[in-house]
Amino acid sequence: MFESWVTAYPWDIFDEGEAGVLDRLQGETGVTGIAVWAACPPVREFRVREIQPRFVSARGGVCFSPTDSYYVSTRCKPIAADTHRGKDALRRIAEACNRWGLALRAIVSASATGQLARRYSEMSAKNAFAAPSEYAVCPAVPDVEAYLVGLVSDLSANYPLAAVVVTDFVIAWLDAYTGERLGPGRWSEAQRRLLSMCFCESCRQKAGAAGIDVESASRAVRSMIQARFDRGPSYDAELERTIFDQNELISYSRWQGGELSALLGRLKEACRCELVWGRAVRHEACKLPANREVINAFAVLTSIDRPEDLPKALLAKALRSEASFSSTFMLGTDSAEIVSIAGEAARLGIAAVSFEHYGALSNGALVTVKQAIRLGRRSNP
């Protein structure tokens, strides 16, 4: 069965009223269910409807009431979103979904949940120049691993969820993808990928114990980044080839992929509902774990920004492939093309599509979502 989801921030549902929102989504679009952020990164959102406030700036955090017993083995504790205000947003949404007969997924940002990196700077990702991330903690840090296992356990045990969707599941200095902070000139994807590589203390110690020359890998990154400034834009064309010539760098990257594979397995064991792995084509850091065999056990949800990215969402080894049409995709693509691509997704064998996100989807966009879902179901009933 071809499934369809609309993602949402909790405040978009409450500020408009959950009855009206769920009525609209069920009656006007025919979605399978909604996927709600339960642990979200910082958000700056201009909402398309006449809802106050029109502009939301939130530091992010968890949008549910954590159970303390799931986090006793870690110093990394859940931080409530500033929009949470003591209310169990996820509980209210779950109860409303039950009344409307809609399935519910909870979305978790594994490395970029708001405020964690700033509060626990010792657990943040660090680039090759030892700069700590303002946005991302490192999943290779034991306390972060334990926190994520606790978070998935907590959500799946205490809320009636169809799935937990784990996004931002990367070992990466994600600041590399916030271009305004990177200094002069345009940075290529290869350069961002290099700068995003994490060399925090935990990564260094664990990789070193595995026999990898971490300092050589770090030195290679610093050298290639410096060449960007010394040699200018002409260096970009040869950078990819240069990267693949760095054996220790490749070994280090593969080791980090193995760490993610192992953690993904732990999260699956801890989760009492389905665990869906969310990945983003736009972030080169969000590559498949080195041990691809682990993917057989997971549904993989790939976020795409451009129509040409759709084939990348079909992963032959995945238990199930899903595609998420990002806000960038939804706002920058003609409605007829969106509908056509949803049909193409179904014909390719992609089992579900998600549309991001409710606060950015105008009434006209919801009509497009309805048409896309109808074509997807006709193409893959």
# chains A, B, ... in the order shown; residues from 1 in each chain; ligands from 1
call {"tool": "select_by_dssp", "arguments": {"residues": "segment 46-157 of chain A", "states": "strand (DSSP E or B)", "output": "list in words"}}
result
Phe46, Phe55, Val56, Ser57, Ala58, Gly61, Val62, Ala80, Ala103, Leu104, Arg105, Ala106, Ile107, Val108, Ser109, Ser124, Ala125, Lys126, Pro132, Ser133, Glu134, Tyr135, Ala136 and Val137 of chain A
call {"tool": "residues_around", "arguments": {"residues": "segment 148-160 of chain A", "least_positions_apart": "2", "cutoff": "6 Å", "atoms": "only C-alpha atoms", "output": "PDB file with C-alpha atoms, in the first residue's frame"}}
result
ATOM      1  CA  TYR A  70      15.281   6.193  30.493  1.00  0.00           C
ATOM      2  CA  TYR A  71      18.211   8.597  30.906  1.00  0.00           C
ATOM      3  CA  GLU A 145      24.688   7.137  22.356  1.00  0.00           C
ATOM      4  CA  ALA A 146      22.992   6.356  25.671  1.00  0.00           C
ATOM      5  CA  LEU A 267      18.276   1.949  18.374  1.00  0.00           C
ATOM      6  CA  ALA A 270      15.421  -0.354  21.833  1.00  0.00           C
ATOM      7  CA  CYS A 271      12.474   0.763  19.698  1.00  0.00           C
ATOM      8  CA  ARG A 272       9.109  -0.885  20.398  1.00  0.00           C
ATOM      9  CA  CYS A 273       7.612   0.334  17.110  1.00  0.00           C
TER      10      CYS A 273
END
call {"tool": "select_by_dssp", "arguments": {"residues": "segment 188-283 of chain A", "states": "helix (DSSP H, G or I)", "output": "VMD selection string"}}
result
chain A and resid 189 to 196 201 to 209 214 to 231 233 to 244 247 to 270
call {"tool": "write_last_selection", "arguments": {"atoms": "C-alpha atoms", "output": "mmCIF file, in the first residue's frame"}}
result
data_model
loop_
_atom_site.group_PDB
_atom_site.id
_atom_site.type_symbol
_atom_site.label_atom_id
_atom_site.label_comp_id
_atom_site.auth_asym_id
_atom_site.auth_seq_id
_atom_site.Cartn_x
_atom_site.Cartn_y
_atom_site.Cartn_z
ATOM 1 C CA GLU A 189 30.044 20.205 -1.612
ATOM 2 C CA ALA A 190 33.398 18.412 -1.401
ATOM 3 C CA GLN A 191 34.824 21.203 0.740
ATOM 4 C CA ARG A 192 31.805 21.184 3.027
ATOM 5 C CA ARG A 193 32.058 17.423 3.346
ATOM 6 C CA LEU A 194 35.681 17.732 4.433
ATOM 7 C CA LEU A 195 34.963 20.493 6.897
ATOM 8 C CA SER A 196 32.005 18.561 8.313
ATOM 9 C CA GLU A 201 37.842 13.534 21.460
ATOM 10 C CA SER A 202 35.583 10.462 21.409
ATOM 11 C CA CYS A 203 36.068 9.925 17.674
ATOM 12 C CA ARG A 204 39.818 10.347 18.026
ATOM 13 C CA GLN A 205 40.141 7.949 20.955
ATOM 14 C CA LYS A 206 37.863 5.236 19.584
ATOM 15 C CA ALA A 207 39.242 5.375 16.038
ATOM 16 C CA GLY A 208 42.806 5.394 17.373
ATOM 17 C CA ALA A 209 42.046 2.290 19.423
ATOM 18 C CA VAL A 214 43.586 9.868 13.222
ATOM 19 C CA GLU A 215 46.152 12.657 13.219
ATOM 20 C CA SER A 216 47.088 11.878 9.617
ATOM 21 C CA ALA A 217 43.411 12.009 8.644
ATOM 22 C CA SER A 218 42.950 15.311 10.467
ATOM 23 C CA ARG A 219 46.097 16.760 8.943
ATOM 24 C CA ALA A 220 44.902 15.784 5.455
ATOM 25 C CA VAL A 221 41.651 17.664 5.985
ATOM 26 C CA ARG A 222 43.411 20.766 7.259
ATOM 27 C CA SER A 223 45.814 20.693 4.326
ATOM 28 C CA MET A 224 43.070 20.376 1.719
ATOM 29 C CA ILE A 225 41.001 23.149 3.298
ATOM 30 C CA GLN A 226 44.054 25.399 3.416
ATOM 31 C CA ALA A 227 44.685 24.695 -0.281
ATOM 32 C CA ARG A 228 41.278 26.208 -0.973
ATOM 33 C CA PHE A 229 42.585 29.563 0.234
ATOM 34 C CA ASP A 230 46.091 29.221 -1.168
ATOM 35 C CA ARG A 231 45.207 27.977 -4.655
ATOM 36 C CA PRO A 233 38.701 28.116 -7.048
ATOM 37 C CA SER A 234 40.754 26.155 -9.590
ATOM 38 C CA TYR A 235 41.490 23.658 -6.802
ATOM 39 C CA ASP A 236 37.811 22.606 -6.548
ATOM 40 C CA ALA A 237 37.883 20.480 -9.700
ATOM 41 C CA GLU A 238 40.629 18.182 -8.402
ATOM 42 C CA LEU A 239 39.481 18.009 -4.804
ATOM 43 C CA GLU A 240 37.358 14.867 -5.093
ATOM 44 C CA ARG A 241 40.278 12.956 -6.623
ATOM 45 C CA THR A 242 42.579 14.287 -3.919
ATOM 46 C CA ILE A 243 40.229 13.089 -1.193
ATOM 47 C CA PHE A 244 40.195 9.533 -2.518
ATOM 48 C CA ASN A 247 43.984 6.366 2.635
ATOM 49 C CA GLU A 248 43.839 7.304 6.317
ATOM 50 C CA LEU A 249 41.022 9.742 5.637
ATOM 51 C CA ILE A 250 39.015 7.069 3.847
ATOM 52 C CA SER A 251 39.683 4.579 6.659
ATOM 53 C CA TYR A 252 38.570 7.126 9.230
ATOM 54 C CA SER A 253 35.360 7.867 7.323
ATOM 55 C CA ARG A 254 34.589 4.157 7.046
ATOM 56 C CA TRP A 255 35.177 3.723 10.758
ATOM 57 C CA GLN A 256 32.627 6.467 11.483
ATOM 58 C CA GLY A 257 30.164 4.742 9.164
ATOM 59 C CA GLY A 258 30.653 1.557 11.165
ATOM 60 C CA GLU A 259 29.930 3.453 14.388
ATOM 61 C CA LEU A 260 26.652 4.693 12.915
ATOM 62 C CA SER A 261 25.740 1.184 11.765
ATOM 63 C CA ALA A 262 26.285 -0.215 15.253
ATOM 64 C CA LEU A 263 24.251 2.565 16.870
ATOM 65 C CA LEU A 264 21.445 2.131 14.351
ATOM 66 C CA GLY A 265 21.245 -1.504 15.404
ATOM 67 C CA ARG A 266 21.056 -0.523 19.075
ATOM 68 C CA LEU A 267 18.276 1.949 18.374
ATOM 69 C CA LYS A 268 16.299 -0.687 16.498
ATOM 70 C CA GLU A 269 16.599 -3.079 19.442
ATOM 71 C CA ALA A 270 15.421 -0.354 21.833
#
call {"tool": "atom_distance", "arguments": {"atom1": "atom CA of Cys200 of chain A", "atom2": "atom CA of Ala58 of chain A"}}
result
27.2 Å
call {"tool": "closest_atom_pairs", "arguments": {"of": "segment 46-75 of chain A", "to": "segment 85-108 of chain A", "cutoff": "10 Å", "atoms": "only C-alpha atoms", "output": "CSV"}}
result
residue,atom,partner,partner_atom,distance
A:Gly61,CA,A:Val108,CA,9.7
A:Val62,CA,A:Val108,CA,8.6
A:Cys63,CA,A:Ala89,CA,5.8
A:Phe64,CA,A:Asp88,CA,4.8
A:Ser65,CA,A:Asp88,CA,5.5
A:Pro66,CA,A:Asp88,CA,9.2
call {"tool": "write_last_selection", "arguments": {"atoms": "C-alpha atoms", "output": "mmCIF file, in the first residue's frame"}}
result
data_model
loop_
_atom_site.group_PDB
_atom_site.id
_atom_site.type_symbol
_atom_site.label_atom_id
_atom_site.label_comp_id
_atom_site.auth_asym_id
_atom_site.auth_seq_id
_atom_site.Cartn_x
_atom_site.Cartn_y
_atom_site.Cartn_z
ATOM 1 C CA GLY A 61 14.370 20.610 22.025
ATOM 2 C CA VAL A 62 11.963 17.827 23.001
ATOM 3 C CA CYS A 63 8.216 18.369 22.585
ATOM 4 C CA PHE A 64 7.053 15.658 24.973
ATOM 5 C CA SER A 65 7.407 14.863 28.669
ATOM 6 C CA PRO A 66 10.446 12.577 29.095
#
call {"tool": "atom_distance", "arguments": {"atom1": "atom CA of Ala19 of chain A", "atom2": "atom CA of Pro53 of chain A"}}
result
19.2 Å
call {"tool": "closest_residue", "arguments": {"among": "A:Ala342, A:Ile212, A:Val165, A:Ala336", "to": "Arg279 of chain A", "atoms": "only C-alpha atoms"}}
result
A:Val165
call {"tool": "atom_distance", "arguments": {"atom1": "atom CA of Ala313 of chain A", "atom2": "atom CA of Leu25 of chain A"}}
result
24.6 Å
call {"tool": "closest_atom_pairs", "arguments": {"of": "segment 129-208 of chain A", "to": "segment 41-50 of chain A", "cutoff": "12 Å", "atoms": "only C-alpha atoms", "output": "JSON lines"}}
result
{"residue": "A:Glu134", "atom": "CA", "partner": "A:Pro42", "partner_atom": "CA", "distance": 10.9}
{"residue": "A:Tyr135", "atom": "CA", "partner": "A:Pro41", "partner_atom": "CA", "distance": 8.1}
{"residue": "A:Ala136", "atom": "CA", "partner": "A:Pro41", "partner_atom": "CA", "distance": 9.2}
{"residue": "A:Val137", "atom": "CA", "partner": "A:Pro41", "partner_atom": "CA", "distance": 11.5}
{"residue": "A:Thr167", "atom": "CA", "partner": "A:Pro41", "partner_atom": "CA", "distance": 10.3}
{"residue": "A:Asp168", "atom": "CA", "partner": "A:Pro41", "partner_atom": "CA", "distance": 9.4}
{"residue": "A:Leu174", "atom": "CA", "partner": "A:Pro41", "partner_atom": "CA", "distance": 11.7}
call {"tool": "closest_residue", "arguments": {"among": "A:Leu116, A:Val170, A:Leu375, A:Val300", "to": "Ala323 of chain A", "atoms": "only C-alpha atoms"}}
result
A:Val300
call {"tool": "residues_around", "arguments": {"residues": "Arg374 of chain A", "least_positions_apart": "5", "cutoff": "9 Å", "atoms": "only C-alpha atoms", "output": "count of residues only"}}
result
6
call {"tool": "residues_around", "arguments": {"residues": "Asp15 of chain A", "least_positions_apart": "2", "cutoff": "8 Å", "atoms": "only C-alpha atoms", "output": "PyMOL selection string"}}
result
chain A and resi 11-13+17+51-52
call {"tool": "residues_around", "arguments": {"residues": "Ser124 of chain A", "least_positions_apart": "4", "cutoff": "12 Å", "atoms": "only C-alpha atoms", "output": "NGL selection string"}}
result
:A and (76 or 111-113 or 115-120 or 130-144 or 171-175 or 198-203)
